[in-house]
>>> print(open('final_20.txt').read())   # compact mmCIF, C-alpha atoms
# COMPACT_ATOMS: atom_id res chain seq x y z
CA MET I 1 0.00 0.00 0.00
CA LYS I 2 1.27 3.49 -0.87
CA THR I 3 2.49 5.47 2.13
CA LEU I 4 0.23 8.43 2.83
CA TYR I 5 0.36 10.84 5.74
CA ASN I 6 -3.03 12.31 6.65
CA PHE I 7 -2.80 15.85 8.03
CA SER I 8 -6.58 16.33 8.13
CA ALA I 9 -8.03 18.47 10.92
CA GLY I 10 -10.70 15.81 11.42
CA PRO I 11 -11.76 13.15 10.97
CA SER I 12 -8.09 12.46 11.40
CA VAL I 13 -5.48 9.75 11.56
CA LEU I 14 -5.86 6.90 14.07
CA PRO I 15 -3.02 4.74 15.43
CA ASN I 16 -2.25 1.93 13.02
CA GLU I 17 -2.21 -0.51 15.94
CA VAL I 18 -5.79 0.48 16.78
CA LEU I 19 -6.97 0.09 13.19
CA LEU I 20 -5.48 -3.39 13.02
CA SER I 21 -7.13 -4.40 16.29
CA ALA I 22 -10.49 -3.12 15.06
CA GLN I 23 -9.99 -4.95 11.77
CA LYS I 24 -9.29 -8.20 13.60
CA ASP I 25 -12.59 -8.03 15.52
CA LEU I 26 -14.62 -6.35 12.77
CA VAL I 27 -16.68 -9.37 11.71
CA ASP I 28 -16.65 -11.37 14.93
CA TYR I 29 -16.01 -9.49 18.18
CA GLN I 30 -14.09 -11.81 20.52
CA GLY I 31 -16.01 -14.88 19.41
CA CYS I 32 -19.52 -13.55 20.05
CA GLY I 33 -20.50 -14.13 16.41
CA MET I 34 -21.21 -10.54 15.44
CA SER I 35 -19.54 -7.19 14.91
CA VAL I 36 -19.71 -4.37 17.45
CA MET I 37 -21.54 -2.50 14.69
CA GLU I 38 -24.32 -5.12 14.85
CA MET I 39 -24.72 -5.92 18.52
CA SER I 40 -27.40 -4.49 20.79
CA HIS I 41 -26.27 -1.66 23.01
CA ARG I 42 -28.18 -3.48 25.77
CA SER I 43 -26.13 -6.65 25.33
CA LYS I 44 -23.64 -7.86 27.93
CA GLU I 45 -20.85 -7.58 25.36
CA PHE I 46 -21.46 -3.90 24.71
CA ASP I 47 -22.15 -3.11 28.35
CA ASP I 48 -18.68 -4.45 29.11
CA ILE I 49 -17.23 -2.19 26.39
CA ILE I 50 -18.84 1.07 27.55
CA VAL I 51 -18.15 0.42 31.25
CA LYS I 52 -14.52 -0.36 30.50
CA THR I 53 -14.20 2.72 28.30
CA GLU I 54 -15.36 5.03 31.09
CA GLU I 55 -12.97 3.31 33.52
CA LEU I 56 -10.12 3.83 31.06
CA PHE I 57 -10.97 7.52 30.68
CA HIS I 58 -10.64 7.99 34.43
CA LYS I 59 -7.36 6.08 34.48
CA VAL I 60 -5.71 7.64 31.40
CA MET I 61 -6.69 11.25 32.19
CA GLY I 62 -6.59 11.00 35.98
CA ILE I 63 -10.23 12.03 36.24
CA PRO I 64 -11.40 12.35 39.88
CA GLU I 65 -14.31 10.27 41.13
CA ASN I 66 -16.55 13.34 41.44
CA TYR I 67 -16.66 13.65 37.63
CA LYS I 68 -18.88 11.79 35.20
CA VAL I 69 -17.85 10.83 31.66
CA LEU I 70 -20.69 10.96 29.12
CA PHE I 71 -20.55 9.39 25.66
CA LEU I 72 -22.82 11.45 23.43
CA GLN I 73 -23.65 12.26 19.82
CA GLY I 74 -24.14 15.46 17.83
CA GLY I 75 -20.52 16.61 17.79
CA ALA I 76 -18.91 19.27 19.96
CA THR I 77 -21.05 21.81 18.10
CA GLN I 78 -24.22 20.40 19.67
CA GLN I 79 -22.65 21.08 23.07
CA PHE I 80 -22.63 24.78 22.19
CA ALA I 81 -26.36 24.65 23.03
CA ALA I 82 -26.35 21.85 25.61
CA ILE I 83 -23.87 23.64 27.87
CA PRO I 84 -25.89 26.85 28.41
CA MET I 85 -29.11 24.84 28.63
CA ASN I 86 -27.65 22.81 31.51
CA LEU I 87 -25.48 25.35 33.30
CA LEU I 88 -27.36 28.66 33.09
CA ALA I 89 -30.34 27.77 35.28
CA LYS I 90 -28.95 29.46 38.42
CA LYS I 91 -28.02 32.99 37.30
CA GLY I 92 -28.33 33.03 33.52
CA LYS I 93 -24.86 34.56 33.17
CA ALA I 94 -21.74 33.27 31.42
CA ASP I 95 -18.45 34.61 30.12
CA TYR I 96 -16.93 33.58 26.78
CA VAL I 97 -13.41 34.24 25.52
CA LEU I 98 -13.29 34.48 21.73
CA THR I 99 -10.09 33.03 20.27
CA GLY I 100 -11.32 31.67 16.95
CA ASN I 101 -14.21 30.23 14.97
CA PHE I 102 -15.42 27.58 17.40
CA ALA I 103 -15.18 29.79 20.48
CA THR I 104 -17.20 32.41 18.59
CA GLY I 105 -19.75 29.80 17.49
CA ALA I 106 -20.21 28.65 21.07
CA TYR I 107 -20.74 32.25 22.20
CA LYS I 108 -23.36 32.94 19.53
CA GLU I 109 -25.27 29.81 20.48
CA ALA I 110 -25.23 30.73 24.18
CA LEU I 111 -26.86 34.09 23.35
CA LEU I 112 -30.03 32.14 22.61
CA PHE I 113 -30.33 30.94 26.22
CA GLY I 114 -28.73 33.32 28.71
CA LYS I 115 -29.80 36.63 30.18
CA THR I 116 -26.23 37.95 30.22
CA ILE I 117 -23.73 36.26 27.93
CA SER I 118 -20.59 38.39 27.89
CA VAL I 119 -17.42 38.53 25.83
CA ALA I 120 -14.75 38.35 28.51
CA GLY I 121 -11.91 38.71 26.02
CA SER I 122 -11.22 38.56 22.30
CA THR I 123 -8.36 38.86 19.84
CA LYS I 124 -10.59 39.06 16.79
CA ASP I 125 -9.14 42.44 15.77
CA GLU I 126 -5.74 40.70 15.48
CA ASN I 127 -7.19 37.85 13.40
CA PHE I 128 -6.93 35.63 16.49
CA LYS I 129 -3.15 35.33 16.19
CA ARG I 130 -2.75 35.08 19.98
CA ILE I 131 -4.50 34.11 23.22
CA PRO I 132 -5.57 36.97 25.53
CA GLU I 133 -3.56 37.32 28.72
CA GLN I 134 -5.17 37.07 32.14
CA LYS I 135 -4.93 40.85 32.68
CA GLU I 136 -6.99 41.44 29.51
CA LEU I 137 -9.92 39.30 30.64
CA LYS I 138 -13.01 40.96 32.07
CA LEU I 139 -14.50 38.17 34.17
CA ASP I 140 -17.80 38.24 36.06
CA PRO I 141 -17.34 36.65 39.52
CA GLY I 142 -21.05 35.91 39.52
CA ALA I 143 -21.14 34.04 36.22
CA ASP I 144 -22.37 30.45 36.03
CA TYR I 145 -19.28 29.51 34.03
CA LEU I 146 -16.42 30.73 31.84
CA HIS I 147 -16.11 29.14 28.39
CA ILE I 148 -12.87 28.77 26.46
CA CYS I 149 -11.80 26.81 23.39
CA GLU I 150 -8.49 25.40 24.62
CA ASN I 151 -6.96 24.58 21.24
CA ASN I 152 -8.11 26.52 18.19
CA THR I 153 -8.10 24.01 15.34
CA ILE I 154 -8.53 26.48 12.48
CA ILE I 155 -6.24 29.20 13.82
CA GLY I 156 -3.52 27.00 15.29
CA SER I 157 -3.35 28.55 18.76
CA LYS I 158 -3.42 27.00 22.25
CA TRP I 159 -4.13 28.26 25.75
CA LYS I 160 -0.92 27.77 27.77
CA TYR I 161 -2.53 28.84 31.05
CA LEU I 162 -5.93 28.50 32.69
CA PRO I 163 -7.69 31.75 33.64
CA GLU I 164 -8.06 32.55 37.33
CA THR I 165 -11.81 32.80 37.81
CA GLY I 166 -12.29 33.05 41.56
CA GLY I 167 -14.23 29.80 41.66
CA VAL I 168 -16.35 30.23 38.53
CA PRO I 169 -16.33 26.82 36.74
CA ILE I 170 -14.25 26.67 33.57
CA VAL I 171 -15.88 25.00 30.57
CA SER I 172 -13.37 23.98 27.91
CA ASP I 173 -13.76 22.77 24.35
CA MET I 174 -10.83 20.35 23.99
CA SER I 175 -11.85 18.77 20.71
CA SER I 176 -8.43 19.15 19.10
CA CYS I 177 -6.13 18.75 22.11
CA ILE I 178 -7.71 16.24 24.49
CA MET I 179 -5.17 13.65 25.70
CA SER I 180 -2.32 15.44 23.93
CA GLU I 181 -0.65 16.53 27.17
CA PRO I 182 -1.04 15.99 30.94
CA MET I 183 -3.71 18.12 32.62
CA ASP I 184 -5.45 18.56 35.95
CA VAL I 185 -9.11 17.76 35.31
CA SER I 186 -10.07 19.06 38.77
CA LYS I 187 -9.41 22.63 37.56
CA TYR I 188 -12.37 22.38 35.15
CA GLY I 189 -16.10 22.25 35.65
CA LEU I 190 -16.76 20.66 32.27
CA ILE I 191 -14.61 19.43 29.39
CA TYR I 192 -16.07 18.46 26.04
CA ALA I 193 -14.58 17.13 22.83
CA GLY I 194 -15.54 15.77 19.47
CA ALA I 195 -13.66 12.47 19.35
CA GLN I 196 -12.64 12.51 15.69
CA LYS I 197 -9.29 14.21 16.21
CA ASN I 198 -7.49 12.34 18.98
CA ILE I 199 -9.61 9.56 20.44
CA ALA I 200 -12.03 7.86 18.02
CA PRO I 201 -13.82 8.02 14.66
CA ALA I 202 -16.43 10.68 13.98
CA GLY I 203 -19.78 10.17 15.69
CA LEU I 204 -18.75 10.28 19.35
CA THR I 205 -18.66 13.33 21.60
CA VAL I 206 -17.22 13.09 25.10
CA VAL I 207 -18.35 15.29 28.00
CA ILE I 208 -16.47 15.16 31.32
CA ILE I 209 -18.52 17.01 33.91
CA ARG I 210 -18.16 17.66 37.63
CA LYS I 211 -21.11 15.92 39.26
CA ASP I 212 -22.27 18.93 41.29
CA LEU I 213 -22.89 20.75 38.00
CA ILE I 214 -25.37 18.08 36.89
CA GLY I 215 -28.67 19.50 38.03
CA ASP I 216 -31.87 21.01 36.77
CA PRO I 217 -31.42 22.54 33.31
CA LEU I 218 -33.32 25.44 31.78
CA PRO I 219 -37.04 24.81 31.18
CA GLY I 220 -37.61 23.31 27.75
CA THR I 221 -34.25 21.54 27.54
CA PRO I 222 -34.74 18.47 25.30
CA THR I 223 -34.38 15.11 26.99
CA MET I 224 -31.37 14.12 24.89
CA LEU I 225 -29.51 17.33 25.84
CA ASN I 226 -30.25 17.01 29.55
CA TYR I 227 -27.03 16.03 31.37
CA LYS I 228 -28.98 14.75 34.36
CA VAL I 229 -30.97 12.31 32.23
CA LEU I 230 -27.88 11.27 30.27
CA ALA I 231 -25.83 10.72 33.43
CA GLU I 232 -28.57 8.78 35.21
CA ASN I 233 -28.75 6.47 32.20
CA ASP I 234 -24.95 6.10 31.89
CA SER I 235 -25.02 7.56 28.35
CA MET I 236 -27.55 4.92 27.25
CA LYS I 237 -30.86 6.76 27.25
CA ASN I 238 -30.91 5.88 23.56
CA THR I 239 -28.52 3.93 21.31
CA PRO I 240 -25.06 5.47 21.72
CA PRO I 241 -22.41 5.57 18.96
CA CYS I 242 -21.35 1.99 19.73
CA TRP I 243 -18.59 1.55 17.15
CA SER I 244 -16.91 4.86 17.99
CA ILE I 245 -17.01 4.04 21.70
CA TYR I 246 -15.40 0.67 21.00
CA VAL I 247 -12.59 2.25 18.96
CA CYS I 248 -12.18 4.86 21.71
CA LYS I 249 -11.58 1.98 24.12
CA LEU I 250 -8.87 0.65 21.82
CA VAL I 251 -7.21 4.08 21.64
CA LEU I 252 -7.20 4.40 25.44
CA GLU I 253 -5.66 0.94 25.76
CA TYR I 254 -3.04 1.90 23.18
CA LEU I 255 -2.19 5.06 25.14
CA LEU I 256 -1.62 3.03 28.29
CA GLU I 257 0.58 0.57 26.40
CA ILE I 258 2.95 3.30 25.17
CA GLY I 259 3.28 5.02 28.56
CA GLY I 260 0.14 7.13 28.85
CA ILE I 261 -0.37 10.82 28.20
CA PRO I 262 3.10 11.88 29.47
CA GLU I 263 4.76 9.77 26.77
CA MET I 264 2.29 11.00 24.14
CA HIS I 265 3.02 14.60 25.16
CA LYS I 266 6.74 14.01 24.72
CA ARG I 267 6.14 12.63 21.24
CA ASN I 268 3.85 15.53 20.37
CA GLU I 269 6.38 18.13 21.50
CA ASP I 270 9.12 16.43 19.48
CA LYS I 271 6.96 16.44 16.36
CA ALA I 272 5.89 20.06 16.75
CA LYS I 273 9.44 21.22 17.46
CA LEU I 274 10.70 19.57 14.29
CA LEU I 275 8.14 21.45 12.19
CA TYR I 276 8.31 24.81 13.99
CA ASP I 277 12.12 24.78 14.02
CA TYR I 278 12.12 24.53 10.25
CA LEU I 279 9.42 27.20 9.87
CA ASP I 280 11.45 29.56 12.09
CA SER I 281 14.61 28.93 10.08
CA THR I 282 13.27 30.35 6.81
CA ASP I 283 11.50 33.47 5.59
CA PHE I 284 9.86 31.56 2.74
CA TYR I 285 7.03 30.45 5.04
CA GLN I 286 5.21 32.54 7.65
CA THR I 287 3.28 31.22 10.65
CA HIS I 288 -0.08 32.64 11.70
CA VAL I 289 0.16 32.47 15.51
CA ILE I 290 2.70 34.22 17.73
CA PRO I 291 5.30 31.72 19.04
CA LYS I 292 4.24 31.60 22.69
CA ASP I 293 0.66 30.64 21.81
CA ARG I 294 1.35 28.09 19.07
CA SER I 295 -0.53 24.81 19.10
CA ILE I 296 1.33 21.50 19.00
CA MET I 297 -1.73 19.93 17.36
CA ASN I 298 -2.52 22.32 14.48
CA VAL I 299 0.28 24.20 12.72
CA THR I 300 -0.80 27.00 10.39
CA PHE I 301 1.54 28.61 7.86
CA ARG I 302 1.64 30.16 4.39
CA THR I 303 3.96 31.24 1.63
CA SER I 304 4.16 34.79 0.28
CA ALA I 305 1.42 34.36 -2.32
CA GLU I 306 -1.96 32.62 -2.67
CA ASP I 307 -1.01 30.99 -5.96
CA LEU I 308 2.04 29.45 -4.28
CA ASP I 309 -0.17 28.20 -1.45
CA GLU I 310 -2.44 26.52 -4.01
CA LYS I 311 0.57 24.98 -5.71
CA PHE I 312 1.85 23.73 -2.36
CA ALA I 313 -1.46 22.06 -1.54
CA LYS I 314 -1.63 20.38 -4.95
CA GLU I 315 1.95 19.14 -5.05
CA SER I 316 2.00 18.00 -1.41
CA LYS I 317 -1.06 15.85 -2.05
CA ALA I 318 0.66 14.25 -5.03
CA ALA I 319 3.66 13.57 -2.78
CA GLY I 320 1.52 11.57 -0.32
CA LEU I 321 0.91 14.39 2.18
CA ALA I 322 -2.87 14.68 2.34
CA ASN I 323 -5.16 17.49 3.54
CA LEU I 324 -2.63 20.29 4.06
CA LYS I 325 -4.76 23.05 2.57
CA GLY I 326 -5.64 25.63 5.20
CA HIS I 327 -9.14 26.53 6.33
CA ARG I 328 -10.80 29.18 4.17
CA ASP I 329 -10.92 31.65 7.09
CA VAL I 330 -7.13 31.60 7.51
CA GLY I 331 -5.84 30.44 4.14
CA GLY I 332 -2.40 29.05 3.52
CA MET I 333 -1.69 25.60 4.90
CA ARG I 334 -2.53 23.70 8.05
CA ALA I 335 -0.77 20.59 9.29
CA SER I 336 -2.86 18.82 11.92
CA ILE I 337 -0.36 16.64 13.77
CA TYR I 338 -2.55 14.90 16.29
CA ASN I 339 -1.53 12.10 18.65
CA ALA I 340 -1.57 9.38 16.00
CA MET I 341 0.55 11.26 13.45
CA PRO I 342 3.94 9.49 13.41
CA LYS I 343 7.17 11.47 13.54
CA ALA I 344 7.95 10.05 10.09
CA GLY I 345 5.02 12.09 8.76
CA ILE I 346 6.55 15.32 10.05
CA GLU I 347 9.94 14.37 8.62
CA ALA I 348 8.32 13.76 5.24
CA LEU I 349 6.48 17.09 5.45
CA VAL I 350 9.62 19.07 6.32
CA ALA I 351 11.54 17.37 3.50
CA PHE I 352 8.79 18.33 1.05
CA MET I 353 8.70 21.92 2.37
CA GLN I 354 12.44 22.25 1.89
CA LYS I 355 12.19 20.92 -1.65
CA PHE I 356 9.24 23.20 -2.44
CA GLU I 357 11.11 26.23 -1.08
CA LYS I 358 14.18 25.44 -3.17
CA GLU I 359 12.13 25.08 -6.34
CA ASN I 360 9.93 28.15 -5.81
CA ARG I 361 12.11 30.72 -4.08
CA LYS I 362 12.59 33.75 -6.34
>>> encode(input="final_20.txt", output="structure tokens")
Amino acid sequence: MKTLYNFSAGPSVLPNEVLLSAQKDLVDYQGCGMSVMEMSHRSKEFDDIIVKTEELFHKVMGIPENYKVLFLQGGATQQFAAIPMNLLAKKGKADYVLTGNFATGAYKEALLFGKTISVAGSTKDENFKRIPEQKELKLDPGADYLHICENNTIIGSKWKYLPETGGVPIVSDMSSCIMSEPMDVSKYGLIYAGAQKNIAPAGLTVVIIRKDLIGDPLPGTPTMLNYKVLAENDSMKNTPPCWSIYVCKLVLEYLLEIGGIPEMHKRNEDKAKLLYDYLDSTDFYQTHVIPKDRSIMNVTFRTSAEDLDEKFAKESKAAGLANLKGHRDVGGMRASIYNAMPKAGIEALVAFMQKFEKENRK
């Protein structure tokens, strides 16, 4: 099979070891006579899978016992509505920091439900090239929560600190950075993530919520967006995304086998350093985000001209480097180098970039 490195922002690359394990059990899961894609979510076989997957989440991420892990559908985007519906019942106030497209989308959705939804900080006027500093944030000590998007997939920026909120729960969209580096879950009220970047195929959304925040939602909240109902039913009020949960279990097992999140973080830093070191060594390419706020998951860059960017995207694809074209809102190129991207993929990308620079520098 031809070697291809997939730099897609999502759905993205999965560990080859996980794909092979899933392939092995695809038709007959551990001798039960059927695929996970066929079995009832009420069966003993699947109950074992989903229970084990939640246990693995707690183990891999160090999630305290006073947090519940929910396996949901609808993507992280559906949580833009579910979060205010569930968390705004007390005061109807929330703060949002705008650092890119998804943070802005979450803010706009919250406006539909809250009495006072405030922009606590934004770098929109700088095209989101950096993360606001703590001193720039205007936080309401009486807010129900503060929302941030921890890693900005389209922009290529990452929060390197957590805001001091004075006890206001932090809600974080971690879709493109979950499990990429060690973290203290106890500092968050709620973490949510679309799984299709670091932990499973598309179709699964994970919500990690502190149990005291699971209460009575706003009147009119649909049953399938009600965290209380979903938690009481252990994510099985209706048929969950069974196959994605099963693959998520395989990914978590793989992470433990290689040394857990600390080892994955080391690998991620090595990969990102290799790419950023080259980008910083040349004036042929320019990065979008200021160095201190750069993401190690999504690297955005461009050449000096749009036609060269188009040429880069076309020729890189032909060279076996897929999905490097940047998002339309930023342009240029974007290399999404999630957990499962091997270092060999970055080495191949840098080699291509060097060749492209040599052939196109005027």
>>> closest_atom_pairs(input="final_20.txt", of="segment 160-185 of chain I", to="segment 125-145 of chain I", cutoff="6 Å", atoms="all atoms listed in the file", output="Markdown table")
| residue | atom | partner | partner_atom | distance |
| --- | --- | --- | --- | --- |
| I:Val168 | CA | I:Tyr145 | CA | 5.4 |
| I:Pro169 | CA | I:Tyr145 | CA | 4.8 |
| I:Ile170 | CA | I:Tyr145 | CA | 5.8 |
>>> closest_atom_pairs(input="final_20.txt", of="segment 324-343 of chain I", to="segment 293-296 of chain I", cutoff="12 Å", atoms="only C-alpha atoms", output="tab-separated table")
residue	atom	partner	partner_atom	distance
I:Arg334	CA	I:Ser295	CA	11.3
I:Ala335	CA	I:Ile296	CA	10.0
I:Ser336	CA	I:Ile296	CA	8.7
I:Ile337	CA	I:Ile296	CA	7.3
I:Tyr338	CA	I:Ile296	CA	8.1
I:Asn339	CA	I:Ile296	CA	9.8
I:Met341	CA	I:Ile296	CA	11.7
>>> closest_residue(input="final_20.txt", among="I:Lys271, I:Leu256, I:Val60, I:Gly215", to="Met183 of chain I", atoms="only C-alpha atoms")
I:Val60
>>> atom_distance(input="final_20.txt", atom1="atom CA of Thr239 of chain I", atom2="atom CA of Arg42 of chain I")
8.7 Å
>>> residues_around(input="final_20.txt", residues="His327 of chain I", least_positions_apart="3", cutoff="10 Å", atoms="all atoms listed in the file", output="tab-separated table (two decimals) with C-alpha atoms, in the frame of the given file")
chain	number	residue	atom	x	y	z
I	9	ALA	CA	-8.03	18.47	10.92
I	153	THR	CA	-8.10	24.01	15.34
I	154	ILE	CA	-8.53	26.48	12.48
I	155	ILE	CA	-6.24	29.20	13.82
I	300	THR	CA	-0.80	27.00	10.39
I	324	LEU	CA	-2.63	20.29	4.06
I	330	VAL	CA	-7.13	31.60	7.51
I	331	GLY	CA	-5.84	30.44	4.14
I	332	GLY	CA	-2.40	29.05	3.52
I	333	MET	CA	-1.69	25.60	4.90
I	334	ARG	CA	-2.53	23.70	8.05
>>> atom_distance(input="final_20.txt", atom1="atom CA of Tyr192 of chain I", atom2="atom CA of Ile346 of chain I")
27.9 Å
>>> residues_near_point(input="final_20.txt", point="(-25.8, 34.6, 30.4)", cutoff="7 Å", atoms="all atoms listed in the file", output="number ranges by chain")
I: 88, 92-94, 114-118
>>> residues_near_point(input="final_20.txt", point="(-24.3, 15.7, 17.8)", cutoff="12 Å", atoms="all atoms listed in the file", output="PyMOL selection string")
chain I and resi 71-82+192-195+202-207+224-225+240-241
>>> axis_aligned_box(input="final_20.txt", around="segment 294-300 of chain I", padding_each_side="4 Å", output="lines of an AutoDock Vina configuration file")
center_x = -0.6
center_y = 24.0
center_z = 14.7
size_x = 11.9
size_y = 16.2
size_z = 16.7
>>> atom_distance(input="final_20.txt", atom1="atom CA of Asn233 of chain I", atom2="atom CA of Pro11 of chain I")
28.0 Å
>>> residues_around(input="final_20.txt", residues="Trp243 of chain I", least_positions_apart="2", cutoff="12 Å", atoms="all atoms listed in the file", output="VMD selection string")
chain I and resid 22 25 to 26 29 35 to 41 46 49 to 50 71 200 to 204 239 to 241 245 to 250
>>> residues_around(input="final_20.txt", residues="Ser12 of chain I", least_positions_apart="6", cutoff="7 Å", atoms="all atoms listed in the file", output="compact mmCIF listing (two decimals) with C-alpha atoms, keeping the file's coordinate frame")
# COMPACT_ATOMS: atom_id res chain seq x y z
CA ASN I 6 -3.03 12.31 6.65
CA GLN I 196 -12.64 12.51 15.69
CA LYS I 197 -9.29 14.21 16.21
>>> closest_residue(input="final_20.txt", among="I:Phe312, I:Asp212, I:Leu218, I:Pro163", to="Lys91 of chain I", atoms="all atoms listed in the file")
I:Leu218
>>> residues_around(input="final_20.txt", residues="Glu17 of chain I", least_positions_apart="2", cutoff="9 Å", atoms="only C-alpha atoms", output="CSV table (one decimal) with C-alpha atoms, in the frame of the given file")
chain,number,residue,atom,x,y,z
I,14,LEU,CA,-5.9,6.9,14.1
I,15,PRO,CA,-3.0,4.7,15.4
I,19,LEU,CA,-7.0,0.1,13.2
I,20,LEU,CA,-5.5,-3.4,13.0
I,21,SER,CA,-7.1,-4.4,16.3
I,22,ALA,CA,-10.5,-3.1,15.1
I,250,LEU,CA,-8.9,0.6,21.8
I,251,VAL,CA,-7.2,4.1,21.6
I,254,TYR,CA,-3.0,1.9,23.2
>>> closest_residue(input="final_20.txt", among="I:Gln354, I:Ser180, I:Ser316, I:Thr123", to="Leu275 of chain I", atoms="only C-alpha atoms")
I:Gln354
>>> closest_residue(input="final_20.txt", among="I:Lys358, I:Lys237, I:Lys158, I:Lys44", to="Val299 of chain I", atoms="all atoms listed in the file")
I:Lys158
>>> residues_around(input="final_20.txt", residues="Lys187 of chain I", least_positions_apart="4", cutoff="12 Å", atoms="all atoms listed in the file", output="PyMOL selection string")
chain I and resi 63-64+67+161-172+183+191+209-210
>>> decode(input="final_20.txt", residues="segment 279-285 of chain I", atoms="all heavy atoms", output="PDB file, in the first residue's frame")
ATOM      1  N   LEU I 279      10.160  25.994  10.239  1.00  0.00           N
ATOM      2  CA  LEU I 279       9.425  27.203   9.869  1.00  0.00           C
ATOM      3  C   LEU I 279      10.136  28.464  10.352  1.00  0.00           C
ATOM      4  O   LEU I 279      10.158  29.488   9.659  1.00  0.00           O
ATOM      5  CB  LEU I 279       8.004  27.151  10.444  1.00  0.00           C
ATOM      6  CG  LEU I 279       7.025  26.197   9.730  1.00  0.00           C
ATOM      7  CD1 LEU I 279       5.774  25.988  10.570  1.00  0.00           C
ATOM      8  CD2 LEU I 279       6.653  26.751   8.350  1.00  0.00           C
ATOM      9  N   ASP I 280      10.750  28.395  11.524  1.00  0.00           N
ATOM     10  CA  ASP I 280      11.451  29.556  12.085  1.00  0.00           C
ATOM     11  C   ASP I 280      12.820  29.791  11.448  1.00  0.00           C
ATOM     12  O   ASP I 280      13.434  30.841  11.655  1.00  0.00           O
ATOM     13  CB  ASP I 280      11.616  29.395  13.597  1.00  0.00           C
ATOM     14  CG  ASP I 280      10.294  29.520  14.341  1.00  0.00           C
ATOM     15  OD1 ASP I 280       9.348  30.106  13.779  1.00  0.00           O
ATOM     16  OD2 ASP I 280      10.213  29.030  15.483  1.00  0.00           O
ATOM     17  N   SER I 281      13.280  28.816  10.690  1.00  0.00           N
ATOM     18  CA  SER I 281      14.611  28.930  10.084  1.00  0.00           C
ATOM     19  C   SER I 281      14.595  29.572   8.697  1.00  0.00           C
ATOM     20  O   SER I 281      15.655  29.820   8.125  1.00  0.00           O
ATOM     21  CB  SER I 281      15.247  27.538   9.970  1.00  0.00           C
ATOM     22  OG  SER I 281      14.634  26.782   8.923  1.00  0.00           O
ATOM     23  N   THR I 282      13.389  29.838   8.175  1.00  0.00           N
ATOM     24  CA  THR I 282      13.274  30.352   6.813  1.00  0.00           C
ATOM     25  C   THR I 282      12.270  31.496   6.745  1.00  0.00           C
ATOM     26  O   THR I 282      11.327  31.543   7.537  1.00  0.00           O
ATOM     27  CB  THR I 282      12.840  29.231   5.850  1.00  0.00           C
ATOM     28  OG1 THR I 282      12.627  29.779   4.532  1.00  0.00           O
ATOM     29  CG2 THR I 282      11.546  28.571   6.307  1.00  0.00           C
ATOM     30  N   ASP I 283      12.477  32.400   5.808  1.00  0.00           N
ATOM     31  CA  ASP I 283      11.499  33.467   5.590  1.00  0.00           C
ATOM     32  C   ASP I 283      10.575  33.148   4.415  1.00  0.00           C
ATOM     33  O   ASP I 283       9.746  33.966   4.034  1.00  0.00           O
ATOM     34  CB  ASP I 283      12.204  34.803   5.355  1.00  0.00           C
ATOM     35  CG  ASP I 283      13.116  34.785   4.125  1.00  0.00           C
ATOM     36  OD1 ASP I 283      13.196  33.737   3.442  1.00  0.00           O
ATOM     37  OD2 ASP I 283      13.760  35.814   3.852  1.00  0.00           O
ATOM     38  N   PHE I 284      10.717  31.953   3.860  1.00  0.00           N
ATOM     39  CA  PHE I 284       9.864  31.556   2.738  1.00  0.00           C
ATOM     40  C   PHE I 284       8.439  31.272   3.215  1.00  0.00           C
ATOM     41  O   PHE I 284       7.473  31.526   2.509  1.00  0.00           O
ATOM     42  CB  PHE I 284      10.448  30.315   2.052  1.00  0.00           C
ATOM     43  CG  PHE I 284       9.692  29.882   0.821  1.00  0.00           C
ATOM     44  CD1 PHE I 284       9.872  30.534  -0.394  1.00  0.00           C
ATOM     45  CD2 PHE I 284       8.801  28.821   0.873  1.00  0.00           C
ATOM     46  CE1 PHE I 284       9.166  30.140  -1.526  1.00  0.00           C
ATOM     47  CE2 PHE I 284       8.094  28.415  -0.247  1.00  0.00           C
ATOM     48  CZ  PHE I 284       8.283  29.078  -1.458  1.00  0.00           C
ATOM     49  N   TYR I 285       8.332  30.729   4.441  1.00  0.00           N
ATOM     50  CA  TYR I 285       7.031  30.449   5.043  1.00  0.00           C
ATOM     51  C   TYR I 285       6.825  31.374   6.248  1.00  0.00           C
ATOM     52  O   TYR I 285       7.773  31.722   6.948  1.00  0.00           O
ATOM     53  CB  TYR I 285       6.959  28.995   5.529  1.00  0.00           C
ATOM     54  CG  TYR I 285       7.158  27.962   4.450  1.00  0.00           C
ATOM     55  CD1 TYR I 285       8.390  27.313   4.308  1.00  0.00           C
ATOM     56  CD2 TYR I 285       6.130  27.606   3.593  1.00  0.00           C
ATOM     57  CE1 TYR I 285       8.587  26.343   3.333  1.00  0.00           C
ATOM     58  CE2 TYR I 285       6.312  26.640   2.606  1.00  0.00           C
ATOM     59  CZ  TYR I 285       7.545  26.009   2.485  1.00  0.00           C
ATOM     60  OH  TYR I 285       7.728  25.053   1.517  1.00  0.00           O
TER      61      TYR I 285
END
